[in-house]
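Single-structure report; data block below.
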Amino acid sequence: MDYQKIIEDIYRQIQPLKELGKQADYIPALAKVNPNQIGVCLKTMNGEEYSIGNSDVRFSIQSISKVFSLAVSLCLEGDNLWKRMGKEPSGNAFNSLFQLELEKGIPRNPMINAGAIVMADILLSHLPNPESDFIDFVRCIAKNETVNYNFSVARSERTCGYLNAAIANLLKYNNNIDNDIEQVLQFYFLMCSIEMNCKELSQAFLCFADHNNEFNFKDIHLTSSQVKRINAIMQTCGFYDESGEFSYLVGLPGKSGVGGGISAVYPQRYAVTVWSPRLNEKGNSVIGMKFLELLTTETKESIF
Ligand code: GLU
């Protein structure tokens, strides 16, 4: 398969869409990003790399970090994780409060904010040095020691993170947070603030593309069955209230973030990341969705 030619063709085809959508501005730091950027990188399991556009520019990975915190939380908690959250799509906005109230503080799944805030609590309780242990894990799977948090983005989000604070309070009220709420929120925002480029994200997601093998990175060990299950959660819950649509159009497990990134895997073959900041009204990158739809249509490679 000539992936380089395919991504170049698709890159040309999506140009007319590049002004559609609007970048996230509810986090002040994201509003400053130049929205006219598009990066793509596809990395195969046997070490080939294909890229185009702004694939070296780092961006705020935001909710894509939820896949990394799920990997670490599953390693730490095993199936006990599911006592504190569910694994069903929410059918609601990623920061919705009312479902959490109805369901008595048990988040629907790990990919919405409530689930990720509980995972931040779990990591704080179990990791000896949560901040450095978590970024070390991400550096390790991305094979890049310079990947880092952006502390000012995290602070900027904390200053206006009223809804996430409400979610954390509701979780605490329902005894689903053990640590101090402020500490949990700060760690959650910090994980969201990690900056990576398309190449680094695709490298990191290759770990999830291979679920024939155990997952061993530093002290994080996941069974092949847990890796398979991370893919299942990405497939059913990875795209906000548009997970069904992404599954229908693209047919790959993946995760999006409000920074405009989408990482997806074609199991046993490759990981691919597309980044473009303009989002549709569900919060997914317009170009990212279209690019991946065309990729799986063109290559006829999807899990279906
Ligand atoms: N930090 C963002 C928030 O909590 C993450 C949202 C996202 O990327 O889905 O609102």
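All residue names refer to the structure tokens as shown: chains lettered A, B, ... in order, residues numbered from 1 in each chain, ligands numbered from 1 in order.
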
* alpha helix (DSSP H) residues, from DSSP on the backbone, in segment 50-278 of chain A, as a VMD selection string -> chain A and resid 65 to 77 81 to 84 98 to 102 113 to 126 130 to 142 151 to 159 162 to 173 181 to 192 198 to 209 224 to 237 243 to 249

Enumerate, in order of chain and increasing residue number, the residues of chain A with an atom no farther than 6 Å from ligand 1, each with its shortest atom pair and distance in Å to one decimal, counting only C-alpha atoms and all ligand atoms, as a Markdown table.
```
| residue | atom | partner | partner_atom_place_in_ligand_line | distance |
| --- | --- | --- | --- | --- |
| A:Gln62 | CA | ligand 1 | 8 (O) | 4.2 |
| A:Ser63 | CA | ligand 1 | 8 (O) | 3.6 |
| A:Asn113 | CA | ligand 1 | 4 (O) | 5.8 |
| A:Phe189 | CA | ligand 1 | 1 (N) | 5.7 |
| A:Cys192 | CA | ligand 1 | 1 (N) | 5.1 |
| A:Gly257 | CA | ligand 1 | 8 (O) | 3.6 |
| A:Val258 | CA | ligand 1 | 8 (O) | 3.8 |
```

I'd like a table as a Markdown table: residues in segment 29-127 of chain A with an atom no more than 12 Å from segment 289-293 of chain A, each row giving the shortest atom pair and its distance in Å to one decimal, only C-alpha atoms counted, sorted by chain and rising residue number.
```
| residue | atom | partner | partner_atom | distance |
| --- | --- | --- | --- | --- |
| A:Ile38 | CA | A:Phe291 | CA | 10.3 |
| A:Gly39 | CA | A:Phe291 | CA | 10.6 |
| A:Val40 | CA | A:Phe291 | CA | 9.0 |
| A:Cys41 | CA | A:Leu292 | CA | 11.4 |
| A:Leu42 | CA | A:Leu292 | CA | 10.8 |
```

Output file for the selection above: N, CA, C and O atoms, as a PDB file, in the first residue's frame:
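To be explicit, this is the file written out as result.pdb:
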```
ATOM      1  N   ILE A  38      -2.686  21.928   9.413  1.00  0.00           N
ATOM      2  CA  ILE A  38      -3.124  20.535   9.229  1.00  0.00           C
ATOM      3  C   ILE A  38      -1.868  19.668   9.274  1.00  0.00           C
ATOM      4  O   ILE A  38      -0.907  19.907   8.531  1.00  0.00           O
ATOM      5  N   GLY A  39      -1.866  18.706  10.139  1.00  0.00           N
ATOM      6  CA  GLY A  39      -0.736  17.772  10.200  1.00  0.00           C
ATOM      7  C   GLY A  39      -1.250  16.344  10.150  1.00  0.00           C
ATOM      8  O   GLY A  39      -2.343  16.055  10.638  1.00  0.00           O
ATOM      9  N   VAL A  40      -0.478  15.473   9.544  1.00  0.00           N
ATOM     10  CA  VAL A  40      -0.872  14.063   9.440  1.00  0.00           C
ATOM     11  C   VAL A  40       0.378  13.201   9.589  1.00  0.00           C
ATOM     12  O   VAL A  40       1.420  13.521   9.009  1.00  0.00           O
ATOM     13  N   CYS A  41       0.276  12.137  10.346  1.00  0.00           N
ATOM     14  CA  CYS A  41       1.366  11.148  10.361  1.00  0.00           C
ATOM     15  C   CYS A  41       0.799   9.750  10.565  1.00  0.00           C
ATOM     16  O   CYS A  41       0.009   9.527  11.484  1.00  0.00           O
ATOM     17  N   LEU A  42       1.221   8.857   9.697  1.00  0.00           N
ATOM     18  CA  LEU A  42       0.827   7.449   9.817  1.00  0.00           C
ATOM     19  C   LEU A  42       2.103   6.650  10.048  1.00  0.00           C
ATOM     20  O   LEU A  42       3.071   6.808   9.306  1.00  0.00           O
TER      21      LEU A  42
END
```

* Write out as a list in words the residues lying within 10 Å of Pro28 of chain A, counting only C-alpha atoms and excluding same-chain residues fewer than 6 positions away. => Val153, Ser156, Glu157, Thr159 and Cys160 of chain A

Keeping only N, CA and C atoms, write the selected residues as a PDB file, in the first residue's frame.
```
ATOM      1  N   VAL A 153      -0.819  26.319  29.983  1.00  0.00           N
ATOM      2  CA  VAL A 153      -2.133  25.909  29.458  1.00  0.00           C
ATOM      3  C   VAL A 153      -2.961  25.297  30.591  1.00  0.00           C
ATOM      4  N   SER A 156      -4.147  28.034  32.745  1.00  0.00           N
ATOM      5  CA  SER A 156      -5.172  28.832  32.066  1.00  0.00           C
ATOM      6  C   SER A 156      -6.507  28.093  32.088  1.00  0.00           C
ATOM      7  N   GLU A 157      -6.453  26.763  31.944  1.00  0.00           N
ATOM      8  CA  GLU A 157      -7.722  26.022  31.984  1.00  0.00           C
ATOM      9  C   GLU A 157      -8.311  26.013  33.397  1.00  0.00           C
ATOM     10  N   THR A 159      -8.189  28.344  35.558  1.00  0.00           N
ATOM     11  CA  THR A 159      -8.817  29.621  35.911  1.00  0.00           C
ATOM     12  C   THR A 159     -10.264  29.708  35.408  1.00  0.00           C
ATOM     13  N   CYS A 160     -10.597  28.901  34.390  1.00  0.00           N
ATOM     14  CA  CYS A 160     -11.979  29.001  33.888  1.00  0.00           C
ATOM     15  C   CYS A 160     -12.656  27.624  33.884  1.00  0.00           C
TER      16      CYS A 160
END
```

* Considering only C-alpha atoms, state which residue in the set A:Gln99, A:Thr273, A:Gln183, A:Ser55 is at the smallest distance from Leu295 of chain A. => A:Thr273

* Asked: Which residue, A:Ala154, A:Leu70, A:Ile7, A:Val272, has the smallest gap to Leu201 of chain A when you use only C-alpha atoms?
  -> A:Val272
